[in-house]
file query-v9.pdb (PDB, C-alpha atoms)
ATOM      1  CA  MET A 106       0.000   0.000   0.000
ATOM      2  CA  GLU A 107       1.347   3.384  -0.937
ATOM      3  CA  ARG A 108       0.649   6.530   0.991
ATOM      4  CA  LEU A 109       1.405  10.136   0.128
ATOM      5  CA  LEU A 110       2.969  12.233   2.849
ATOM      6  CA  SER A 111       3.902  15.855   2.937
ATOM      7  CA  ILE A 112       7.554  16.085   3.962
ATOM      8  CA  GLN A 113       9.365  19.283   4.842
ATOM      9  CA  ILE A 114      13.120  19.425   4.264
ATOM     10  CA  GLU A 115      15.337  22.123   5.642
ATOM     11  CA  ARG A 116      19.058  22.656   5.506
ATOM     12  CA  LEU A 117      20.583  23.007   8.933
ATOM     13  CA  PRO A 118      23.490  25.348   9.720
ATOM     14  CA  GLU A 119      25.741  22.280  10.049
ATOM     15  CA  GLY A 120      25.230  21.620   6.322
ATOM     16  CA  VAL A 121      23.000  18.547   6.683
ATOM     17  CA  TYR A 122      19.340  18.229   5.730
ATOM     18  CA  LEU A 123      16.468  17.485   8.106
ATOM     19  CA  ALA A 124      13.162  15.983   7.016
ATOM     20  CA  THR A 125       9.985  16.047   9.109
ATOM     21  CA  SER A 126       6.304  15.522   8.416
ATOM     22  CA  GLU A 127       3.193  16.976   9.997
ATOM     23  CA  ASN A 128       1.246  14.022   8.567
ATOM     24  CA  LEU A 129       3.200  11.302  10.357
ATOM     25  CA  GLN A 130       4.118  11.887  13.960
ATOM     26  CA  GLY A 131       7.658  10.810  14.764
ATOM     27  CA  LEU A 132       9.061  11.104  11.256
ATOM     28  CA  VAL A 133      12.482  12.716  11.545
ATOM     29  CA  ALA A 134      15.300  11.967   9.124
ATOM     30  CA  GLN A 135      18.699  13.528   8.552
ATOM     31  CA  GLY A 136      21.067  13.158   5.623
ATOM     32  CA  ARG A 137      23.998  14.740   3.818
ATOM     33  CA  THR A 138      22.002  15.395   0.628
ATOM     34  CA  VAL A 139      18.330  15.968  -0.167
ATOM     35  CA  THR A 140      18.192  12.617  -1.978
ATOM     36  CA  GLU A 141      19.746  10.743   0.931
ATOM     37  CA  THR A 142      17.420  12.494   3.369
ATOM     38  CA  LEU A 143      14.348  11.524   1.325
ATOM     39  CA  GLU A 144      15.484   7.892   1.148
ATOM     40  CA  ILE A 145      15.975   7.779   4.904
ATOM     41  CA  ALA A 146      12.621   9.519   5.461
ATOM     42  CA  ARG A 147      10.903   6.922   3.263
ATOM     43  CA  ASP A 148      12.381   4.077   5.319
ATOM     44  CA  VAL A 149      11.468   5.755   8.613
ATOM     45  CA  ALA A 150       7.914   6.396   7.377
ATOM     46  CA  ARG A 151       7.517   2.761   6.310
ATOM     47  CA  LYS A 152       8.642   1.531   9.738
ATOM     48  CA  LEU A 153       6.407   3.992  11.600
ATOM     49  CA  ILE A 154       3.361   2.989   9.534
ATOM     50  CA  GLU A 155       4.092  -0.721  10.068
ATOM     51  CA  ALA A 156       4.428  -0.158  13.816
ATOM     52  CA  GLN A 157       1.144   1.770  13.931
ATOM     53  CA  SER A 158      -0.697  -0.983  12.032
ATOM     54  CA  LYS A 159       0.633  -3.634  14.447
ATOM     55  CA  ILE A 160      -0.609  -1.617  17.423
ATOM     56  CA  ARG A 161      -4.105  -1.414  15.881
ATOM     57  CA  ASP A 162      -4.262  -5.174  15.223
TER      58      ASP A 162
END

call {"tool": "encode", "arguments": {"input": "query-v9.pdb", "output": "structure tokens"}}
result
Amino acid sequence: MERLLSIQIERLPEGVYLATSENLQGLVAQGRTVTETLEIARDVARKLIEAQSKIRD
């Protein structure tokens, strides 16, 4: 199942990127590039959604 999430990415003063989402509580990802940050955010989102579905079951 695919889900669309709104993800905000900002560049931190340290030169890394931070991704968060208002749609999925707990989603926080950090990477050296925007692409890397999005890949990490996708993995984190998948794990958070799986964990939430297990709690509901």

call {"tool": "atom_distance", "arguments": {"input": "query-v9.pdb", "atom1": "atom CA of Leu117 of chain A", "atom2": "atom CA of Ala134 of chain A"}}
result
12.2 Å

call {"tool": "atom_distance", "arguments": {"input": "query-v9.pdb", "atom1": "atom CA of Gly136 of chain A", "atom2": "atom CA of Val121 of chain A"}}
result
5.8 Å

call {"tool": "resolve_selection", "arguments": {"input": "query-v9.pdb", "expression": "the PyMOL selection byres ((chain A and resi 139-149) around 10)", "output": "VMD selection string"}}
result
chain A and resid 110 112 to 116 121 to 126 131 to 138 150 to 155
